[in-house]
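Reading through the structure tokens given below for one structure.
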Protein chains: 2
Amino acid sequence: MTLKYWGKRDKDLNLPTNSSISVTLSQKDLRTLTTASCSESFEKDSLWLNGESHSLDTPRTQQCLKDLRQYRKELETADSSLPKLSEMKLHIVSENNFPTAAGLASSAAGFAALISAIARLYELPQSASDLSKIARKGSGSACRSLFGGYVAWEMGELADGHDSKAVEVAPRSHWPDMKACILVVSDDKKDVPSTSGMQLTVKTSSLFQHRVDKVVPERFEQMKKSIRDTDFQTFAELTMKDSNSFHATCLDSYPPIFYLNDVSKRIIKLINLLNESAGEIIAAYTYDAGPNAVIYYEEKNEAKVLGLLHAVFGSVDGWSKADSTSFIAPSFEVEASWGAGVSRVILTEVGEGPQDSQEVLINTDTGLPK
Amino acid sequence: MTLKYWGKRDKDLNLPTNSSISVTLSQKDLRTLTTASCSESFEKDSLWLNGESHSLDTPRTQQCLKDLRQYRKELETADSSLPKLSEMKLHIVSENNFPTAAGLASSAAGFAALISAIARLYELPQSASDLSKIARKGSGSACRSLFGGYVAWEMGELADGHDSKAVEVAPRSHWPDMKACILVVSDDKKDVPSTSGMQLTVKTSSLFQHRVDKVVPERFEQMKKSIRDTDFQTFAELTMKDSNSFHATCLDSYPPIFYLNDVSKRIIKLINLLNESAGEIIAAYTYDAGPNAVIYYEEKNEAKVLGLLHAVFGSVDGWSKADSTSFIAPSFEVEASWGAGVSRVILTEVGEGPQDSQEVLINTDTGLPK
């Protein structure tokens with residue numbers, strides 16, 4: 001997320017206290033593959049995630065399935081020749097190509113993939129924005145993942161949430177040279193889960209309401225404009241400031257919530273050093289509800305940005321796809337100790353939204369995972 | 001500081017953007033001893049601090065000396081029999097009984113001691129509040145150190161700063177059983193100095209103005225009341241919340257300022273665990289512009305609070321004055337690793353303001369440090 005979602009005005013409907021913006025990352029690097037199937041022979045809605053059976057019996061998930069079935073029902077009512085998929089149970093199999101434990105918003109991506117897979121199975125005519133409202137009820141941040149490129153989640157005003165949905169700010173093709181390097185930071189402590197964390201912030205932070213009322217609305221418009229203008233300087237500054245602001249309201253909670261650790265802070269200082277030495281902003285850090293950094297930069301500055309990150313974090317996994325011969329070494333001295341605490345890098349870039357795949361994860365004979 | 005000073009509305013006069021509150025700590029434990037002398041034979045104003053010669057030629061210090069001489073001059077004009085001390089140069093010798101490098105607000109205490117020593121040398125009739133205005137021009141926080149016990153710095157409204165001064169909220173005797181344990185946290189990085197740090201926050205944090213306009217004024221009244229009521233629960237909660245809020249605005253600065261490190265955060269979590277297990281707030285953490293923790297508690301809870309802190313940090317220096325036989329072990333498990341990163345504890349309590357001492361640090365024959 002480049003403009004942070006933090007705080008719900010309605011917990012049941014997952015309605016946020018502020019609008020937010022994210023960049024959808026490429027599925028070449030971080031991908032959730034999901035197959036949805038239904039059959040009269042299935043006895044209950046079932047989900048297998050990375051080979052393990054998971055319950056679909058949570059109220060949130062059931063609400064999503066009910067909404068999707070309702071849309072399907074409308075089609076079936078209008079055209080009685082259609083198979084009655086809305087009356088069958090679903091079997092869903094989902095696999096990530098990245099570790100779920102790394103705290104890389106896997107639940108958002110997973111939920112978006114689930115909604116999208118069922119919508120395609122049902123051949124629903126609804127737009128991505130319409131489907132985003134369903135995804136939102138399942139997992140707030142998931143709503144943005146229905147789109148590729150640059151996506152806004154408009155908070156909306158209505159009590160029933162009908163205007164709280166994702167919209168495209170710009171497609172990937174508008175600004176395709178946005179790159180991202182994810183620095184996976186090892187963390188021994190369990191963070192406060194984001195759902196309870198945001199509730200604590202809403203309830204106890206004396207700075208939070210000001211962020212929501214004054215700070216974010218202005219940034220939301222500025223960031224959308226910076227994307228439309230492909231103005232990296234502004235986009236990057238807003239991204240870093242909003243990451244700071246979000247973590248500041250976490251720290252202002254009582255008791256305080258800390259997602260950034262000393263490794264995260266060292267990365268922030270490193271990016272500041274890089275930008276200072278470049279004489280302009282060529283990289284931006286941002287942190288969601290955890291210590292992992294996402295560093296955004298434009299392709300034209302890749303040699304400098306990855307040159308620095310490789311000089312510091314070059315010993316961990318994840319560099320094989322980069323062309324290290326092009327790297328430009330930093331103009332300032334880096335200390336060997338700065339590399340500690342990062343376990344892996346993921347090199348990626350702005351990507352598309354949910355895509356059709358030829359790969360099928362379900363055995364069509366048994367209805368079970370392959 | 002229990003309610004934080006962070007931000008100047010006038011840099012030259014050291015006028016703050018908000019009122020603040022502190023507890024003056026006992027000079028048995030943290031003491032600056034200062035001798036001021038003047039003589040016609042002295043050639044220039046000179047200061048020796050912990051045995052080393054320091055310049056008094058900064059504009060701030062010169063302004064303080066000028067103000068003090070002006071008050072002395074008024075006495076000499078009114079009574080011509082008085083020696084003309086205002087026309088002589090000053091020699092000042094100052095010694096701390098604690099390491100200045102530990103980041104324990106030594107400059108504030110040192111400045112207050114300097115002002116106080118010269119005022120006594122000059123036999124000035126001015127009140128501590130009047131002197132606090134002079135100290136404020138030298139080093140903002142120093143103004144509160146002219147008082148013992150519980151002290152407020154009223155921000156004032158006037159452009160010339162005449163109403164920006166320290167006042168007593170309550171003397172030490174009103175609430176004498178307030179104890180403090182300072183946990184000195186080792187830190188390899190150099191922090192942003194507080195003067196430039198607060199300027200950066202004022203200039204760049206989008207949450208700061210809200211803190212100053214809305215959050216602090218309310219807390220200021222509540223905290224004064226909690227002191228008058230000797231209401232530890234309220235005092236402690238406000239102290240922790242304001243520490244969080246201050247560090248939140250530091251983090252919201254651009255680039256962000258971090259004074260808390262992972263050790264500081266672990267101590268915060270430890271105090272939260274202690275309060276939770278006690279079923280009430282029996283200890284409060286607070287952090288100034290650095291990673292050192294000050295833990296406040298009431299004497300009646302000493303066995304529990306020090307029992308926990310000793311269980312975690314018992315291997316470092318500073319415990320000799322505590323009666324460890326009375327310690328109550330924590331009711332929850334503490335991990336051995338939690339003790340890392342704290343280099344020393346200082347056990348202290350609420351104390352008196354500047355006191356006269358029989359000890360003289362200057363050789364009266366030579367006018368130089370003994």
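How things are named: the first chain in the structure tokens is A, the next is B, and so on; residues count from 1 in each chain; ligands count from 1 in the order shown.
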
If we count only C-alpha atoms, which residues of chain B reach to within 8 Å of chain A? Please list them as a PDB file with N, CA, C and O atoms, in the first residue's frame.
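Output below, filename result-v8.pdb:
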```pdb
ATOM      1  N   SER B 206       2.707  16.197   9.720  1.00  0.00           N
ATOM      2  CA  SER B 206       1.329  16.630   9.493  1.00  0.00           C
ATOM      3  C   SER B 206       0.445  16.342  10.708  1.00  0.00           C
ATOM      4  O   SER B 206      -0.716  16.726  10.733  1.00  0.00           O
ATOM      5  N   LEU B 207       0.991  15.655  11.692  1.00  0.00           N
ATOM      6  CA  LEU B 207       0.217  15.361  12.906  1.00  0.00           C
ATOM      7  C   LEU B 207       0.600  16.304  14.053  1.00  0.00           C
ATOM      8  O   LEU B 207      -0.136  16.445  15.028  1.00  0.00           O
ATOM      9  N   HIS B 210      -1.756  19.203  15.331  1.00  0.00           N
ATOM     10  CA  HIS B 210      -2.912  18.691  16.069  1.00  0.00           C
ATOM     11  C   HIS B 210      -2.519  18.327  17.506  1.00  0.00           C
ATOM     12  O   HIS B 210      -3.261  18.588  18.454  1.00  0.00           O
ATOM     13  N   ARG B 211      -1.340  17.730  17.649  1.00  0.00           N
ATOM     14  CA  ARG B 211      -0.845  17.428  19.000  1.00  0.00           C
ATOM     15  C   ARG B 211      -0.766  18.700  19.842  1.00  0.00           C
ATOM     16  O   ARG B 211      -1.212  18.730  20.983  1.00  0.00           O
ATOM     17  N   VAL B 215      -4.187  18.015  21.592  1.00  0.00           N
ATOM     18  CA  VAL B 215      -3.862  16.901  22.491  1.00  0.00           C
ATOM     19  C   VAL B 215      -3.198  17.402  23.779  1.00  0.00           C
ATOM     20  O   VAL B 215      -3.633  17.074  24.886  1.00  0.00           O
ATOM     21  N   LYS B 241       0.992   7.869  27.546  1.00  0.00           N
ATOM     22  CA  LYS B 241       0.362   8.316  26.301  1.00  0.00           C
ATOM     23  C   LYS B 241       1.119   9.491  25.696  1.00  0.00           C
ATOM     24  O   LYS B 241       1.247   9.595  24.479  1.00  0.00           O
ATOM     25  N   ASN B 244       4.268   8.277  24.040  1.00  0.00           N
ATOM     26  CA  ASN B 244       3.914   7.691  22.742  1.00  0.00           C
ATOM     27  C   ASN B 244       3.640   8.777  21.702  1.00  0.00           C
ATOM     28  O   ASN B 244       4.112   8.710  20.567  1.00  0.00           O
ATOM     29  N   SER B 245       2.864   9.768  22.093  1.00  0.00           N
ATOM     30  CA  SER B 245       2.451  10.825  21.171  1.00  0.00           C
ATOM     31  C   SER B 245       3.647  11.623  20.668  1.00  0.00           C
ATOM     32  O   SER B 245       3.771  11.923  19.465  1.00  0.00           O
ATOM     33  N   HIS B 247       6.812  10.611  20.480  1.00  0.00           N
ATOM     34  CA  HIS B 247       7.620   9.794  19.568  1.00  0.00           C
ATOM     35  C   HIS B 247       6.880   9.537  18.262  1.00  0.00           C
ATOM     36  O   HIS B 247       7.512   9.356  17.213  1.00  0.00           O
ATOM     37  N   ALA B 248       5.544   9.551  18.313  1.00  0.00           N
ATOM     38  CA  ALA B 248       4.762   9.413  17.077  1.00  0.00           C
ATOM     39  C   ALA B 248       5.009  10.611  16.162  1.00  0.00           C
ATOM     40  O   ALA B 248       5.168  10.445  14.949  1.00  0.00           O
ATOM     41  N   THR B 249       5.060  11.818  16.718  1.00  0.00           N
ATOM     42  CA  THR B 249       5.294  12.980  15.845  1.00  0.00           C
ATOM     43  C   THR B 249       6.740  12.971  15.332  1.00  0.00           C
ATOM     44  O   THR B 249       6.997  13.472  14.240  1.00  0.00           O
ATOM     45  N   LEU B 251       8.327  10.200  14.523  1.00  0.00           N
ATOM     46  CA  LEU B 251       8.246   9.222  13.432  1.00  0.00           C
ATOM     47  C   LEU B 251       7.507   9.799  12.234  1.00  0.00           C
ATOM     48  O   LEU B 251       7.779   9.447  11.084  1.00  0.00           O
ATOM     49  N   ASP B 252       6.583  10.720  12.481  1.00  0.00           N
ATOM     50  CA  ASP B 252       5.823  11.344  11.393  1.00  0.00           C
ATOM     51  C   ASP B 252       6.605  12.473  10.725  1.00  0.00           C
ATOM     52  O   ASP B 252       6.128  13.074   9.768  1.00  0.00           O
ATOM     53  N   SER B 253       7.792  12.770  11.231  1.00  0.00           N
ATOM     54  CA  SER B 253       8.631  13.791  10.595  1.00  0.00           C
ATOM     55  C   SER B 253       9.193  13.232   9.294  1.00  0.00           C
ATOM     56  O   SER B 253       9.183  12.026   9.060  1.00  0.00           O
ATOM     57  N   TYR B 254       9.710  14.118   8.452  1.00  0.00           N
ATOM     58  CA  TYR B 254      10.236  13.663   7.173  1.00  0.00           C
ATOM     59  C   TYR B 254      11.583  14.287   6.911  1.00  0.00           C
ATOM     60  O   TYR B 254      11.647  15.485   6.745  1.00  0.00           O
ATOM     61  N   PRO B 255      12.679  13.501   6.875  1.00  0.00           N
ATOM     62  CA  PRO B 255      12.692  12.060   7.158  1.00  0.00           C
ATOM     63  C   PRO B 255      12.392  11.761   8.624  1.00  0.00           C
ATOM     64  O   PRO B 255      12.612  12.624   9.479  1.00  0.00           O
ATOM     65  N   PRO B 256      11.892  10.562   8.898  1.00  0.00           N
ATOM     66  CA  PRO B 256      11.452  10.254  10.266  1.00  0.00           C
ATOM     67  C   PRO B 256      12.606  10.234  11.268  1.00  0.00           C
ATOM     68  O   PRO B 256      13.730   9.906  10.923  1.00  0.00           O
ATOM     69  N   PHE B 258      13.871   8.618  14.847  1.00  0.00           N
ATOM     70  CA  PHE B 258      13.624   7.491  15.750  1.00  0.00           C
ATOM     71  C   PHE B 258      14.469   7.670  17.002  1.00  0.00           C
ATOM     72  O   PHE B 258      15.700   7.631  16.920  1.00  0.00           O
ATOM     73  N   ASN B 261      14.564   2.540  20.322  1.00  0.00           N
ATOM     74  CA  ASN B 261      15.072   1.389  19.582  1.00  0.00           C
ATOM     75  C   ASN B 261      14.391   0.108  20.095  1.00  0.00           C
ATOM     76  O   ASN B 261      13.455   0.177  20.913  1.00  0.00           O
ATOM     77  N   ASP B 262      14.830  -1.034  19.591  1.00  0.00           N
ATOM     78  CA  ASP B 262      14.152  -2.287  19.960  1.00  0.00           C
ATOM     79  C   ASP B 262      14.226  -2.561  21.460  1.00  0.00           C
ATOM     80  O   ASP B 262      13.318  -3.190  22.024  1.00  0.00           O
ATOM     81  N   LYS B 265      11.554  -0.456  23.088  1.00  0.00           N
ATOM     82  CA  LYS B 265      10.236  -1.041  22.830  1.00  0.00           C
ATOM     83  C   LYS B 265       9.987  -2.256  23.718  1.00  0.00           C
ATOM     84  O   LYS B 265       8.871  -2.480  24.187  1.00  0.00           O
ATOM     85  N   ASN B 272       3.916  -2.778  30.180  1.00  0.00           N
ATOM     86  CA  ASN B 272       2.522  -3.140  29.903  1.00  0.00           C
ATOM     87  C   ASN B 272       2.165  -4.483  30.519  1.00  0.00           C
ATOM     88  O   ASN B 272       1.087  -4.639  31.102  1.00  0.00           O
TER      89      ASN B 272
END
```

Give the helix (DSSP H, G or I) residues of region 196-344 of chain A, as assigned by DSSP on the backbone, as an MDAnalysis selection string. chainID A and resid 196:204 208:228 232:251 262:278 299:313 324:326 336:339

Residue contacts of Arg31 (chain A) (12 Å, only C-alpha atoms) excluding same-chain residues fewer than 3 positions away, as number ranges by chain: A: 24-28, 34, 94-100, 104-110, 112-113, 145, 348, 351-355, 357

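Nearest residue to Arg136 (chain B), choosing from B:Ile295, B:Val212, B:Leu15, B:Ala170 and counting only C-alpha atoms: B:Leu15.
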
Within region 140-318 of chain A, find each residue whose DSSP state, derived from the backbone, is strand (DSSP E), and express the selection as a VMD selection string. chain A and resid 150 to 154 165 to 170 178 to 185 284 to 286 293 to 298

Write out as a PyMOL selection string which residues come within 6 Å of region 2-7 of chain B when counting only C-alpha atoms, dropping same-chain ones fewer than 3 positions away. chain B and resi 16-17+20-22+198+202+239+242

Could you take the residues named above and write them with N, CA, C and O atoms, as a PDB file, in the first residue's frame?
```pdb
ATOM      1  N   PRO B  16       8.193  27.746  23.502  1.00  0.00           N
ATOM      2  CA  PRO B  16       7.714  26.437  23.035  1.00  0.00           C
ATOM      3  C   PRO B  16       6.348  26.509  22.361  1.00  0.00           C
ATOM      4  O   PRO B  16       5.598  27.470  22.559  1.00  0.00           O
ATOM      5  N   THR B  17       6.044  25.470  21.596  1.00  0.00           N
ATOM      6  CA  THR B  17       4.733  25.378  20.957  1.00  0.00           C
ATOM      7  C   THR B  17       3.684  24.796  21.901  1.00  0.00           C
ATOM      8  O   THR B  17       2.503  24.798  21.576  1.00  0.00           O
ATOM      9  N   SER B  20       4.496  22.103  29.122  1.00  0.00           N
ATOM     10  CA  SER B  20       5.050  20.782  29.451  1.00  0.00           C
ATOM     11  C   SER B  20       5.177  20.635  30.970  1.00  0.00           C
ATOM     12  O   SER B  20       5.050  21.616  31.709  1.00  0.00           O
ATOM     13  N   ILE B  21       5.400  19.405  31.396  1.00  0.00           N
ATOM     14  CA  ILE B  21       5.474  19.104  32.837  1.00  0.00           C
ATOM     15  C   ILE B  21       6.627  18.133  33.062  1.00  0.00           C
ATOM     16  O   ILE B  21       6.865  17.234  32.253  1.00  0.00           O
ATOM     17  N   SER B  22       7.332  18.326  34.178  1.00  0.00           N
ATOM     18  CA  SER B  22       8.364  17.347  34.533  1.00  0.00           C
ATOM     19  C   SER B  22       8.392  17.118  36.032  1.00  0.00           C
ATOM     20  O   SER B  22       7.827  17.883  36.815  1.00  0.00           O
ATOM     21  N   MET B 198      13.420  18.837  16.790  1.00  0.00           N
ATOM     22  CA  MET B 198      12.101  19.467  16.964  1.00  0.00           C
ATOM     23  C   MET B 198      11.788  20.424  15.825  1.00  0.00           C
ATOM     24  O   MET B 198      10.644  20.554  15.416  1.00  0.00           O
ATOM     25  N   VAL B 202       8.354  20.210  13.613  1.00  0.00           N
ATOM     26  CA  VAL B 202       7.460  21.356  13.430  1.00  0.00           C
ATOM     27  C   VAL B 202       7.229  21.600  11.939  1.00  0.00           C
ATOM     28  O   VAL B 202       6.112  21.858  11.502  1.00  0.00           O
ATOM     29  N   THR B 239       1.266  10.024  31.265  1.00  0.00           N
ATOM     30  CA  THR B 239       2.709  10.035  31.012  1.00  0.00           C
ATOM     31  C   THR B 239       3.068   9.096  29.864  1.00  0.00           C
ATOM     32  O   THR B 239       3.805   9.461  28.949  1.00  0.00           O
ATOM     33  N   ASP B 242       1.600  10.394  26.544  1.00  0.00           N
ATOM     34  CA  ASP B 242       2.283  11.541  25.970  1.00  0.00           C
ATOM     35  C   ASP B 242       3.658  11.173  25.450  1.00  0.00           C
ATOM     36  O   ASP B 242       4.126  11.740  24.455  1.00  0.00           O
TER      37      ASP B 242
END
```

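Going from CA of Gln358 (chain A) to CA of Lys44 (chain A) covers 25.5 Å.
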
Contact residues around region 74-89 of chain A with only C-alpha atoms at 10 Å, ignoring same-chain residues under 4 positions, as a PyMOL selection string: chain A and resi 37-46+65-66+68-70+121-125

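The closest residue to Gly307 (chain B), picked from B:Leu13, B:Leu274, B:Ala117, B:Met178 and counting only C-alpha atoms, is B:Leu274.
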
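Atom pair CA of Glu52 (chain B) / CA of Leu90 (chain B) has a distance of 16.1 Å (rounded to one decimal).
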
Contacts of Tyr297 (chain B) at 9 Å or less, counting only C-alpha atoms, minus same-chain residues fewer than 5 places along, as an MDAnalysis selection string? chainID B and resid 177:181 232 236 282:284 302 305

If you keep N, CA and C atoms, can you produce a file of those selected residues as an mmCIF file, in the first residue's frame?
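Final output, result.cif:
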```cif
data_model
loop_
_atom_site.group_PDB
_atom_site.id
_atom_site.type_symbol
_atom_site.label_atom_id
_atom_site.label_comp_id
_atom_site.auth_asym_id
_atom_site.auth_seq_id
_atom_site.Cartn_x
_atom_site.Cartn_y
_atom_site.Cartn_z
ATOM 1 N N ASP B 177 6.367 10.137 47.622
ATOM 2 C CA ASP B 177 6.657 8.717 47.370
ATOM 3 C C ASP B 177 6.697 8.352 45.887
ATOM 4 N N MET B 178 6.952 9.351 45.050
ATOM 5 C CA MET B 178 7.152 9.073 43.617
ATOM 6 C C MET B 178 8.598 8.642 43.392
ATOM 7 N N LYS B 179 8.761 7.426 42.893
ATOM 8 C CA LYS B 179 10.087 6.870 42.642
ATOM 9 C C LYS B 179 10.331 6.784 41.136
ATOM 10 N N ALA B 180 11.588 6.693 40.772
ATOM 11 C CA ALA B 180 11.928 6.550 39.347
ATOM 12 C C ALA B 180 13.096 5.601 39.194
ATOM 13 N N CYS B 181 12.993 4.742 38.218
ATOM 14 C CA CYS B 181 14.117 3.871 37.847
ATOM 15 C C CYS B 181 14.485 4.209 36.407
ATOM 16 N N PHE B 232 -2.043 8.366 40.918
ATOM 17 C CA PHE B 232 -0.988 7.750 40.111
ATOM 18 C C PHE B 232 -1.518 7.135 38.814
ATOM 19 N N ALA B 236 0.111 8.253 35.468
ATOM 20 C CA ALA B 236 0.901 7.262 34.740
ATOM 21 C C ALA B 236 0.370 7.068 33.321
ATOM 22 N N ILE B 282 0.687 0.337 37.819
ATOM 23 C CA ILE B 282 1.595 0.576 38.948
ATOM 24 C C ILE B 282 2.945 1.130 38.483
ATOM 25 N N ALA B 283 3.137 1.239 37.183
ATOM 26 C CA ALA B 283 4.390 1.788 36.656
ATOM 27 C C ALA B 283 4.109 2.477 35.323
ATOM 28 N N ALA B 284 4.881 3.524 35.040
ATOM 29 C CA ALA B 284 4.736 4.266 33.788
ATOM 30 C C ALA B 284 6.106 4.444 33.160
ATOM 31 N N GLU B 302 7.074 -0.585 45.076
ATOM 32 C CA GLU B 302 8.481 -0.779 44.733
ATOM 33 C C GLU B 302 8.873 -2.248 44.628
ATOM 34 N N VAL B 305 7.582 -3.511 41.226
ATOM 35 C CA VAL B 305 8.172 -2.885 40.039
ATOM 36 C C VAL B 305 9.651 -3.235 39.944
#
```

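Reported to one decimal place, the separation of CA of Val192 (chain B) from CA of Ser343 (chain A) is 28.6 Å.
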